[in-house]
$ cat entry_25.pdb   # PDB, N, CA and C atoms
MODEL        1
ATOM      1  N   MET A   1       0.843  -1.197   0.000
ATOM      2  CA  MET A   1       0.000   0.000   0.000
ATOM      3  C   MET A   1       0.881   1.250   0.000
ATOM      4  N   ILE A   2       0.492   2.221  -0.809
ATOM      5  CA  ILE A   2       1.248   3.480  -0.857
ATOM      6  C   ILE A   2       0.408   4.660  -0.377
ATOM      7  N   ALA A   3      -0.826   4.391   0.054
ATOM      8  CA  ALA A   3      -1.760   5.468   0.392
ATOM      9  C   ALA A   3      -1.180   6.458   1.394
ATOM     10  N   ASN A   4      -0.425   5.986   2.364
ATOM     11  CA  ASN A   4       0.122   6.886   3.374
ATOM     12  C   ASN A   4       1.265   7.742   2.849
ATOM     13  N   THR A   5       1.799   7.417   1.677
ATOM     14  CA  THR A   5       2.938   8.168   1.145
ATOM     15  C   THR A   5       2.524   9.271   0.183
ATOM     16  N   LEU A   6       1.227   9.455  -0.035
ATOM     17  CA  LEU A   6       0.733  10.485  -0.952
ATOM     18  C   LEU A   6      -0.178  11.460  -0.201
ATOM     19  N   PRO A   7       0.399  12.334   0.614
ATOM     20  CA  PRO A   7      -0.419  13.186   1.484
ATOM     21  C   PRO A   7      -1.296  14.201   0.748
ATOM     22  N   ASN A   8      -0.921  14.655  -0.442
ATOM     23  CA  ASN A   8      -1.700  15.674  -1.150
ATOM     24  C   ASN A   8      -2.560  15.096  -2.262
ATOM     25  N   VAL A   9      -2.787  13.782  -2.247
ATOM     26  CA  VAL A   9      -3.574  13.117  -3.278
ATOM     27  C   VAL A   9      -4.843  12.582  -2.633
ATOM     28  N   ASP A  10      -5.990  12.825  -3.277
ATOM     29  CA  ASP A  10      -7.244  12.384  -2.680
ATOM     30  C   ASP A  10      -7.312  10.861  -2.588
ATOM     31  N   SER A  11      -8.176  10.366  -1.727
ATOM     32  CA  SER A  11      -8.213   8.938  -1.415
ATOM     33  C   SER A  11      -8.568   8.080  -2.626
ATOM     34  N   ALA A  12      -9.420   8.570  -3.520
ATOM     35  CA  ALA A  12      -9.779   7.794  -4.708
ATOM     36  C   ALA A  12      -8.566   7.598  -5.609
ATOM     37  N   LEU A  13      -7.765   8.640  -5.785
ATOM     38  CA  LEU A  13      -6.549   8.517  -6.588
ATOM     39  C   LEU A  13      -5.523   7.616  -5.896
ATOM     40  N   GLN A  14      -5.472   7.667  -4.582
ATOM     41  CA  GLN A  14      -4.568   6.788  -3.847
ATOM     42  C   GLN A  14      -4.975   5.327  -4.031
ATOM     43  N   GLU A  15      -6.270   5.051  -4.034
ATOM     44  CA  GLU A  15      -6.746   3.684  -4.255
ATOM     45  C   GLU A  15      -6.391   3.202  -5.661
ATOM     46  N   ILE A  16      -6.536   4.080  -6.643
ATOM     47  CA  ILE A  16      -6.169   3.726  -8.013
ATOM     48  C   ILE A  16      -4.671   3.441  -8.091
ATOM     49  N   ALA A  17      -3.871   4.292  -7.463
ATOM     50  CA  ALA A  17      -2.419   4.089  -7.453
ATOM     51  C   ALA A  17      -2.078   2.763  -6.785
ATOM     52  N   ASN A  18      -2.757   2.443  -5.701
ATOM     53  CA  ASN A  18      -2.509   1.163  -5.020
ATOM     54  C   ASN A  18      -2.812  -0.012  -5.944
ATOM     55  N   LYS A  19      -3.896   0.077  -6.705
ATOM     56  CA  LYS A  19      -4.220  -0.989  -7.664
ATOM     57  C   LYS A  19      -3.096  -1.144  -8.673
ATOM     58  N   VAL A  20      -2.641  -0.029  -9.219
ATOM     59  CA  VAL A  20      -1.588  -0.067 -10.231
ATOM     60  C   VAL A  20      -0.320  -0.678  -9.645
ATOM     61  N   TYR A  21       0.108  -0.211  -8.476
ATOM     62  CA  TYR A  21       1.347  -0.695  -7.871
ATOM     63  C   TYR A  21       1.237  -2.137  -7.373
ATOM     64  N   ASN A  22       0.013  -2.625  -7.188
ATOM     65  CA  ASN A  22      -0.189  -4.018  -6.790
ATOM     66  C   ASN A  22      -0.473  -4.922  -7.985
ATOM     67  N   GLY A  23      -0.348  -4.375  -9.194
ATOM     68  CA  GLY A  23      -0.514  -5.179 -10.403
ATOM     69  C   GLY A  23      -1.947  -5.511 -10.734
ATOM     70  N   GLN A  24      -2.905  -4.779 -10.177
ATOM     71  CA  GLN A  24      -4.320  -5.012 -10.452
ATOM     72  C   GLN A  24      -4.779  -4.108 -11.589
ATOM     73  N   ARG A  25      -5.728  -4.596 -12.366
ATOM     74  CA  ARG A  25      -6.312  -3.762 -13.423
ATOM     75  C   ARG A  25      -7.206  -2.709 -12.781
ATOM     76  N   ILE A  26      -7.187  -1.523 -13.366
ATOM     77  CA  ILE A  26      -8.130  -0.506 -12.899
ATOM     78  C   ILE A  26      -9.406  -0.637 -13.727
ATOM     79  N   SER A  27     -10.514  -0.212 -13.149
ATOM     80  CA  SER A  27     -11.809  -0.298 -13.831
ATOM     81  C   SER A  27     -11.982   0.879 -14.786
ATOM     82  N   ASP A  28     -13.028   0.797 -15.599
ATOM     83  CA  ASP A  28     -13.360   1.934 -16.471
ATOM     84  C   ASP A  28     -13.619   3.177 -15.629
ATOM     85  N   GLU A  29     -14.307   2.996 -14.511
ATOM     86  CA  GLU A  29     -14.606   4.127 -13.625
ATOM     87  C   GLU A  29     -13.326   4.727 -13.054
ATOM     88  N   ASP A  30     -12.381   3.841 -12.683
ATOM     89  CA  ASP A  30     -11.088   4.324 -12.184
ATOM     90  C   ASP A  30     -10.368   5.145 -13.253
ATOM     91  N   GLY A  31     -10.390   4.631 -14.484
ATOM     92  CA  GLY A  31      -9.733   5.336 -15.579
ATOM     93  C   GLY A  31     -10.342   6.698 -15.819
ATOM     94  N   LEU A  32     -11.662   6.776 -15.765
ATOM     95  CA  LEU A  32     -12.340   8.058 -15.951
ATOM     96  C   LEU A  32     -11.999   9.013 -14.811
ATOM     97  N   TYR A  33     -11.984   8.493 -13.596
ATOM     98  CA  TYR A  33     -11.647   9.340 -12.448
ATOM     99  C   TYR A  33     -10.209   9.847 -12.575
ATOM    100  N   LEU A  34      -9.322   8.965 -12.978
ATOM    101  CA  LEU A  34      -7.927   9.343 -13.180
ATOM    102  C   LEU A  34      -7.821  10.449 -14.226
ATOM    103  N   PHE A  35      -8.543  10.287 -15.343
ATOM    104  CA  PHE A  35      -8.536  11.282 -16.414
ATOM    105  C   PHE A  35      -9.062  12.631 -15.930
ATOM    106  N   GLU A  36     -10.132  12.604 -15.149
ATOM    107  CA  GLU A  36     -10.793  13.855 -14.734
ATOM    108  C   GLU A  36     -10.128  14.534 -13.543
ATOM    109  N   HIS A  37      -9.414  13.777 -12.702
ATOM    110  CA  HIS A  37      -8.937  14.362 -11.450
ATOM    111  C   HIS A  37      -7.425  14.340 -11.235
ATOM    112  N   ALA A  38      -6.721  13.471 -11.916
ATOM    113  CA  ALA A  38      -5.276  13.362 -11.673
ATOM    114  C   ALA A  38      -4.508  14.384 -12.494
ATOM    115  N   SER A  39      -3.394  14.807 -11.951
ATOM    116  CA  SER A  39      -2.501  15.662 -12.732
ATOM    117  C   SER A  39      -1.831  14.803 -13.799
ATOM    118  N   LEU A  40      -1.335  15.454 -14.822
ATOM    119  CA  LEU A  40      -0.624  14.736 -15.872
ATOM    120  C   LEU A  40       0.593  14.007 -15.294
ATOM    121  N   ALA A  41       1.275  14.633 -14.363
ATOM    122  CA  ALA A  41       2.448  14.014 -13.746
ATOM    123  C   ALA A  41       2.065  12.754 -12.975
ATOM    124  N   PHE A  42       0.949  12.786 -12.263
ATOM    125  CA  PHE A  42       0.488  11.626 -11.493
ATOM    126  C   PHE A  42       0.127  10.481 -12.425
ATOM    127  N   ALA A  43      -0.679  10.770 -13.446
ATOM    128  CA  ALA A  43      -1.073   9.733 -14.405
ATOM    129  C   ALA A  43       0.152   9.208 -15.151
ATOM    130  N   GLY A  44       1.059  10.094 -15.517
ATOM    131  CA  GLY A  44       2.277   9.690 -16.214
ATOM    132  C   GLY A  44       3.156   8.799 -15.365
ATOM    133  N   ALA A  45       3.240   9.086 -14.072
ATOM    134  CA  ALA A  45       4.044   8.252 -13.171
ATOM    135  C   ALA A  45       3.455   6.846 -13.072
ATOM    136  N   LEU A  46       2.136   6.744 -13.013
ATOM    137  CA  LEU A  46       1.505   5.424 -12.980
ATOM    138  C   LEU A  46       1.745   4.674 -14.283
ATOM    139  N   ALA A  47       1.597   5.376 -15.411
ATOM    140  CA  ALA A  47       1.817   4.749 -16.713
ATOM    141  C   ALA A  47       3.273   4.300 -16.850
ATOM    142  N   ASN A  48       4.210   5.111 -16.395
ATOM    143  CA  ASN A  48       5.615   4.750 -16.475
ATOM    144  C   ASN A  48       5.915   3.536 -15.600
ATOM    145  N   TYR A  49       5.283   3.445 -14.431
ATOM    146  CA  TYR A  49       5.478   2.290 -13.561
ATOM    147  C   TYR A  49       5.048   1.009 -14.284
ATOM    148  N   VAL A  50       3.881   1.048 -14.920
ATOM    149  CA  VAL A  50       3.394  -0.129 -15.654
ATOM    150  C   VAL A  50       4.345  -0.462 -16.799
ATOM    151  N   ARG A  51       4.797   0.553 -17.530
ATOM    152  CA  ARG A  51       5.737   0.332 -18.632
ATOM    153  C   ARG A  51       7.001  -0.336 -18.132
ATOM    154  N   GLU A  52       7.541   0.154 -17.030
ATOM    155  CA  GLU A  52       8.770  -0.428 -16.495
ATOM    156  C   GLU A  52       8.552  -1.867 -16.025
ATOM    157  N   GLN A  53       7.378  -2.163 -15.479
ATOM    158  CA  GLN A  53       7.092  -3.532 -15.049
ATOM    159  C   GLN A  53       7.022  -4.479 -16.245
ATOM    160  N   LYS A  54       6.507  -3.977 -17.354
ATOM    161  CA  LYS A  54       6.349  -4.817 -18.546
ATOM    162  C   LYS A  54       7.603  -4.899 -19.401
ATOM    163  N   HIS A  55       8.339  -3.794 -19.514
ATOM    164  CA  HIS A  55       9.425  -3.721 -20.491
ATOM    165  C   HIS A  55      10.769  -3.298 -19.911
ATOM    166  N   GLY A  56      10.856  -3.156 -18.616
ATOM    167  CA  GLY A  56      12.122  -2.719 -18.023
ATOM    168  C   GLY A  56      12.434  -1.290 -18.413
ATOM    169  N   ASP A  57      13.668  -1.067 -18.812
ATOM    170  CA  ASP A  57      14.107   0.291 -19.137
ATOM    171  C   ASP A  57      14.025   0.570 -20.636
ATOM    172  N   ILE A  58      13.141  -0.146 -21.340
ATOM    173  CA  ILE A  58      12.986   0.026 -22.781
ATOM    174  C   ILE A  58      11.692   0.786 -23.048
ATOM    175  N   THR A  59      11.759   1.760 -23.933
ATOM    176  CA  THR A  59      10.570   2.531 -24.313
ATOM    177  C   THR A  59      10.338   2.376 -25.809
ATOM    178  N   TYR A  60       9.097   2.185 -26.195
ATOM    179  CA  TYR A  60       8.737   2.039 -27.599
ATOM    180  C   TYR A  60       7.998   3.288 -28.070
ATOM    181  N   PHE A  61       8.251   3.675 -29.302
ATOM    182  CA  PHE A  61       7.599   4.832 -29.889
ATOM    183  C   PHE A  61       6.968   4.433 -31.214
ATOM    184  N   ASN A  62       5.883   5.076 -31.544
ATOM    185  CA  ASN A  62       5.231   4.874 -32.834
ATOM    186  C   ASN A  62       5.467   6.130 -33.662
ATOM    187  N   ARG A  63       5.956   5.942 -34.859
ATOM    188  CA  ARG A  63       6.199   7.074 -35.747
ATOM    189  C   ARG A  63       5.335   6.900 -36.984
ATOM    190  N   ASN A  64       4.542   7.883 -37.294
ATOM    191  CA  ASN A  64       3.690   7.799 -38.473
ATOM    192  C   ASN A  64       3.505   9.186 -39.079
ATOM    193  N   PHE A  65       2.748   9.248 -40.142
ATOM    194  CA  PHE A  65       2.429  10.528 -40.746
ATOM    195  C   PHE A  65       0.977  10.496 -41.199
ATOM    196  N   HIS A  66       0.456  11.650 -41.478
ATOM    197  CA  HIS A  66      -0.954  11.782 -41.822
ATOM    198  C   HIS A  66      -1.072  12.562 -43.123
ATOM    199  N   ILE A  67      -1.855  12.044 -44.040
ATOM    200  CA  ILE A  67      -2.079  12.736 -45.311
ATOM    201  C   ILE A  67      -3.489  13.320 -45.303
ATOM    202  N   GLU A  68      -3.585  14.593 -45.547
ATOM    203  CA  GLU A  68      -4.888  15.238 -45.709
ATOM    204  C   GLU A  68      -5.217  15.217 -47.196
ATOM    205  N   PRO A  69      -6.181  14.416 -47.636
ATOM    206  CA  PRO A  69      -6.469  14.335 -49.065
ATOM    207  C   PRO A  69      -7.146  15.580 -49.632
ATOM    208  N   THR A  70      -7.737  16.385 -48.754
ATOM    209  CA  THR A  70      -8.404  17.608 -49.217
ATOM    210  C   THR A  70      -8.579  18.563 -48.046
ATOM    211  N   ASN A  71      -8.790  19.821 -48.370
ATOM    212  CA  ASN A  71      -9.193  20.767 -47.343
ATOM    213  C   ASN A  71     -10.609  21.277 -47.620
ATOM    214  N   ALA A  72     -11.255  20.711 -48.641
ATOM    215  CA  ALA A  72     -12.646  21.056 -48.947
ATOM    216  C   ALA A  72     -13.546  20.386 -47.911
ATOM    217  N   CYS A  73     -14.474  21.127 -47.368
ATOM    218  CA  CYS A  73     -15.279  20.601 -46.273
ATOM    219  C   CYS A  73     -16.696  21.164 -46.338
ATOM    220  N   VAL A  74     -17.645  20.402 -45.841
ATOM    221  CA  VAL A  74     -19.036  20.856 -45.820
ATOM    222  C   VAL A  74     -19.407  21.461 -44.474
ATOM    223  N   TYR A  75     -18.497  21.373 -43.501
ATOM    224  CA  TYR A  75     -18.766  21.896 -42.161
ATOM    225  C   TYR A  75     -18.080  23.235 -41.956
ATOM    226  N   SER A  76     -18.577  24.001 -41.008
ATOM    227  CA  SER A  76     -17.951  25.290 -40.704
ATOM    228  C   SER A  76     -17.564  25.318 -39.228
ATOM    229  N   CYS A  77     -16.703  24.392 -38.849
ATOM    230  CA  CYS A  77     -16.239  24.310 -37.462
ATOM    231  C   CYS A  77     -15.432  25.561 -37.123
ATOM    232  N   HIS A  78     -15.621  26.078 -35.948
ATOM    233  CA  HIS A  78     -14.925  27.294 -35.551
ATOM    234  C   HIS A  78     -13.473  27.038 -35.148
ATOM    235  N   PHE A  79     -13.122  25.791 -34.857
ATOM    236  CA  PHE A  79     -11.761  25.491 -34.426
ATOM    237  C   PHE A  79     -10.841  25.085 -35.570
ATOM    238  N   CYS A  80     -11.380  24.827 -36.740
ATOM    239  CA  CYS A  80     -10.577  24.355 -37.866
ATOM    240  C   CYS A  80      -9.938  25.546 -38.580
ATOM    241  N   SER A  81      -8.621  25.467 -38.768
ATOM    242  CA  SER A  81      -7.920  26.598 -39.387
ATOM    243  C   SER A  81      -7.555  26.363 -40.843
ATOM    244  N   TYR A  82      -7.776  25.162 -41.356
ATOM    245  CA  TYR A  82      -7.305  24.907 -42.718
ATOM    246  C   TYR A  82      -8.407  24.589 -43.711
ATOM    247  N   SER A  83      -9.583  24.181 -43.254
ATOM    248  CA  SER A  83     -10.598  23.748 -44.217
ATOM    249  C   SER A  83     -11.212  24.928 -44.974
ATOM    250  N   ARG A  84     -11.693  24.613 -46.153
ATOM    251  CA  ARG A  84     -12.383  25.598 -46.984
ATOM    252  C   ARG A  84     -13.745  25.034 -47.334
ATOM    253  N   LEU A  85     -14.751  25.816 -47.107
ATOM    254  CA  LEU A  85     -16.099  25.377 -47.433
ATOM    255  C   LEU A  85     -16.242  25.193 -48.933
ATOM    256  N   TYR A  86     -17.121  24.304 -49.313
ATOM    257  CA  TYR A  86     -17.348  24.081 -50.742
ATOM    258  C   TYR A  86     -17.780  25.362 -51.447
ATOM    259  N   ALA A  87     -18.370  26.282 -50.714
ATOM    260  CA  ALA A  87     -18.771  27.550 -51.318
ATOM    261  C   ALA A  87     -17.558  28.359 -51.792
ATOM    262  N   TYR A  88     -16.397  28.128 -51.172
ATOM    263  CA  TYR A  88     -15.164  28.825 -51.534
ATOM    264  C   TYR A  88     -14.217  27.841 -52.223
ATOM    265  N   ARG A  89     -14.735  27.131 -53.191
ATOM    266  CA  ARG A  89     -14.023  26.040 -53.867
ATOM    267  C   ARG A  89     -12.712  26.502 -54.505
ATOM    268  N   ASP A  90     -12.623  27.756 -54.920
ATOM    269  CA  ASP A  90     -11.395  28.232 -55.553
ATOM    270  C   ASP A  90     -10.217  28.259 -54.570
ATOM    271  N   GLU A  91     -10.497  28.281 -53.263
ATOM    272  CA  GLU A  91      -9.439  28.259 -52.252
ATOM    273  C   GLU A  91      -9.136  26.839 -51.775
ATOM    274  N   ALA A  92      -9.939  25.874 -52.172
ATOM    275  CA  ALA A  92      -9.773  24.500 -51.708
ATOM    276  C   ALA A  92      -8.820  23.725 -52.612
ATOM    277  N   TRP A  93      -8.293  22.622 -52.081
ATOM    278  CA  TRP A  93      -7.459  21.738 -52.872
ATOM    279  C   TRP A  93      -7.816  20.295 -52.565
ATOM    280  N   GLU A  94      -7.558  19.435 -53.505
ATOM    281  CA  GLU A  94      -7.767  17.998 -53.354
ATOM    282  C   GLU A  94      -6.587  17.277 -53.977
ATOM    283  N   LEU A  95      -6.049  16.294 -53.271
ATOM    284  CA  LEU A  95      -4.949  15.500 -53.812
ATOM    285  C   LEU A  95      -5.508  14.315 -54.587
ATOM    286  N   SER A  96      -4.866  14.014 -55.692
ATOM    287  CA  SER A  96      -5.241  12.812 -56.437
ATOM    288  C   SER A  96      -4.638  11.608 -55.727
ATOM    289  N   LEU A  97      -5.075  10.432 -56.103
ATOM    290  CA  LEU A  97      -4.502   9.216 -55.557
ATOM    291  C   LEU A  97      -3.001   9.160 -55.841
ATOM    292  N   GLN A  98      -2.606   9.552 -57.048
ATOM    293  CA  GLN A  98      -1.180   9.549 -57.394
ATOM    294  C   GLN A  98      -0.397  10.527 -56.514
ATOM    295  N   GLN A  99      -0.939  11.700 -56.259
ATOM    296  CA  GLN A  99      -0.250  12.663 -55.404
ATOM    297  C   GLN A  99      -0.084  12.117 -53.988
ATOM    298  N   MET A 100      -1.118  11.432 -53.481
ATOM    299  CA  MET A 100      -1.014  10.829 -52.147
ATOM    300  C   MET A 100       0.028   9.715 -52.133
ATOM    301  N   MET A 101       0.084   8.906 -53.185
ATOM    302  CA  MET A 101       1.071   7.833 -53.268
ATOM    303  C   MET A 101       2.485   8.401 -53.363
ATOM    304  N   ASP A 102       2.645   9.528 -54.042
ATOM    305  CA  ASP A 102       3.952  10.179 -54.115
ATOM    306  C   ASP A 102       4.417  10.619 -52.726
ATOM    307  N   ILE A 103       3.501  11.099 -51.911
ATOM    308  CA  ILE A 103       3.841  11.476 -50.536
ATOM    309  C   ILE A 103       4.277  10.247 -49.753
ATOM    310  N   VAL A 104       3.543   9.162 -49.892
ATOM    311  CA  VAL A 104       3.879   7.917 -49.196
ATOM    312  C   VAL A 104       5.254   7.429 -49.617
ATOM    313  N   LYS A 105       5.540   7.464 -50.911
ATOM    314  CA  LYS A 105       6.806   6.954 -51.437
ATOM    315  C   LYS A 105       8.019   7.719 -50.886
ATOM    316  N   LYS A 106       7.822   8.966 -50.504
ATOM    317  CA  LYS A 106       8.919   9.735 -49.917
ATOM    318  C   LYS A 106       9.429   9.087 -48.637
ATOM    319  N   TYR A 107       8.597   8.286 -47.975
ATOM    320  CA  TYR A 107       8.949   7.662 -46.700
ATOM    321  C   TYR A 107       9.358   6.206 -46.853
ATOM    322  N   ASP A 108       9.471   5.687 -48.061
ATOM    323  CA  ASP A 108       9.781   4.268 -48.288
ATOM    324  C   ASP A 108      11.042   3.814 -47.564
ATOM    325  N   ASN A 109      12.097   4.566 -47.612
ATOM    326  CA  ASN A 109      13.367   4.165 -47.007
ATOM    327  C   ASN A 109      13.677   4.937 -45.729
ATOM    328  N   ASP A 110      12.712   5.610 -45.204
ATOM    329  CA  ASP A 110      12.899   6.411 -44.002
ATOM    330  C   ASP A 110      12.726   5.511 -42.773
ATOM    331  N   PRO A 111      13.737   5.416 -41.933
ATOM    332  CA  PRO A 111      13.644   4.510 -40.761
ATOM    333  C   PRO A 111      12.631   4.943 -39.739
TER     334      PRO A 111
ENDMDL
END
$ encode --input "entry_25.pdb" --output "structure tokens"
Amino acid sequence: MIANTLPNVDSALQEIANKVYNGQRISDEDGLYLFEHASLAFAGALANYVREQKHGDITYFNRNFHIEPTNACVYSCHFCSYSRLYAYRDEAWELSLQQMMDIVKKYDNDP
């Protein structure tokens, strides 16, 4: 039990931490509580503990890329900075399949 070693952490988060450190799965409710109430550092420390238990001192990374085939859009979201409504078609662009494949091919030999 680690509950007594976390004086500034609420009891629900301490219980979740105890589950993690005891090798128990946390529930969906625990995960939601962790997401809504834990600091990023607290959640990250728990995640790192699990990673170290599973993989030791090895860390894995995923590297990928994303192709936007078009910026033409039928929605007018206020948070989107790149899309162009179909009404402003002259400002929009669309990539052909060949153009998208050319982008992919640039990464063929990229480690």
$ resolve_selection --input "entry_25.pdb" --expression "the PyMOL selection byres (((chain A and resi 73 and name CA) around 9) and name CA)" --output "PDB file with N, CA and C atoms, in the frame of the given file"
ATOM      1  N   THR A  70      -7.737  16.385 -48.754  1.00  0.00           N
ATOM      2  CA  THR A  70      -8.404  17.608 -49.217  1.00  0.00           C
ATOM      3  C   THR A  70      -8.579  18.563 -48.046  1.00  0.00           C
ATOM      4  N   ASN A  71      -8.790  19.821 -48.370  1.00  0.00           N
ATOM      5  CA  ASN A  71      -9.193  20.767 -47.343  1.00  0.00           C
ATOM      6  C   ASN A  71     -10.609  21.277 -47.620  1.00  0.00           C
ATOM      7  N   ALA A  72     -11.255  20.711 -48.641  1.00  0.00           N
ATOM      8  CA  ALA A  72     -12.646  21.056 -48.947  1.00  0.00           C
ATOM      9  C   ALA A  72     -13.546  20.386 -47.911  1.00  0.00           C
ATOM     10  N   VAL A  74     -17.645  20.402 -45.841  1.00  0.00           N
ATOM     11  CA  VAL A  74     -19.036  20.856 -45.820  1.00  0.00           C
ATOM     12  C   VAL A  74     -19.407  21.461 -44.474  1.00  0.00           C
ATOM     13  N   TYR A  75     -18.497  21.373 -43.501  1.00  0.00           N
ATOM     14  CA  TYR A  75     -18.766  21.896 -42.161  1.00  0.00           C
ATOM     15  C   TYR A  75     -18.080  23.235 -41.956  1.00  0.00           C
ATOM     16  N   SER A  76     -18.577  24.001 -41.008  1.00  0.00           N
ATOM     17  CA  SER A  76     -17.951  25.290 -40.704  1.00  0.00           C
ATOM     18  C   SER A  76     -17.564  25.318 -39.228  1.00  0.00           C
ATOM     19  N   SER A  83      -9.583  24.181 -43.254  1.00  0.00           N
ATOM     20  CA  SER A  83     -10.598  23.748 -44.217  1.00  0.00           C
ATOM     21  C   SER A  83     -11.212  24.928 -44.974  1.00  0.00           C
ATOM     22  N   ARG A  84     -11.693  24.613 -46.153  1.00  0.00           N
ATOM     23  CA  ARG A  84     -12.383  25.598 -46.984  1.00  0.00           C
ATOM     24  C   ARG A  84     -13.745  25.034 -47.334  1.00  0.00           C
ATOM     25  N   LEU A  85     -14.751  25.816 -47.107  1.00  0.00           N
ATOM     26  CA  LEU A  85     -16.099  25.377 -47.433  1.00  0.00           C
ATOM     27  C   LEU A  85     -16.242  25.193 -48.933  1.00  0.00           C
ATOM     28  N   TYR A  86     -17.121  24.304 -49.313  1.00  0.00           N
ATOM     29  CA  TYR A  86     -17.348  24.081 -50.742  1.00  0.00           C
ATOM     30  C   TYR A  86     -17.780  25.362 -51.447  1.00  0.00           C
ATOM     31  N   ALA A  92      -9.939  25.874 -52.172  1.00  0.00           N
ATOM     32  CA  ALA A  92      -9.773  24.500 -51.708  1.00  0.00           C
ATOM     33  C   ALA A  92      -8.820  23.725 -52.612  1.00  0.00           C
TER      34      ALA A  92
END
$ atom_distance --input "entry_25.pdb" --atom1 "atom N of His66 of chain A" --atom2 "atom C of Asp102 of chain A"
12.0 Å
$ atom_distance --input "entry_25.pdb" --atom1 "atom CA of Ala43 of chain A" --atom2 "atom N of Phe65 of chain A"
26.0 Å
$ select_by_dssp --input "entry_25.pdb" --residues "chain A" --states "alpha helix (DSSP H)" --output "PyMOL selection string"
chain A and resi 11-21+28-37+40-55+97-105
$ resolve_selection --input "entry_25.pdb" --expression "the PyMOL selection byres (((chain A and resi 15 and name CA) around 12) and name CA)" --output "ChimeraX atom specification"
/A:1-6,9-14,16-22,24-27,30-31,33-34
$ atom_distance --input "entry_25.pdb" --atom1 "atom N of Cys77 of chain A" --atom2 "atom N of Glu91 of chain A"
16.2 Å
$ select_by_dssp --input "entry_25.pdb" --residues "chain A" --states "strand (DSSP E or B)" --output "ChimeraX atom specification"
/A:70,72-73,84-85,94
$ closest_residue --input "entry_25.pdb" --among "A:Pro69, A:Asp110, A:Asn8, A:Lys54" --to "Leu97 of chain A" --atoms "only C-alpha atoms"
A:Pro69
$ closest_residue --input "entry_25.pdb" --among "A:Met101, A:Tyr107, A:Leu95, A:Arg51" --to "Gly23 of chain A" --atoms "only C-alpha atoms"
A:Arg51
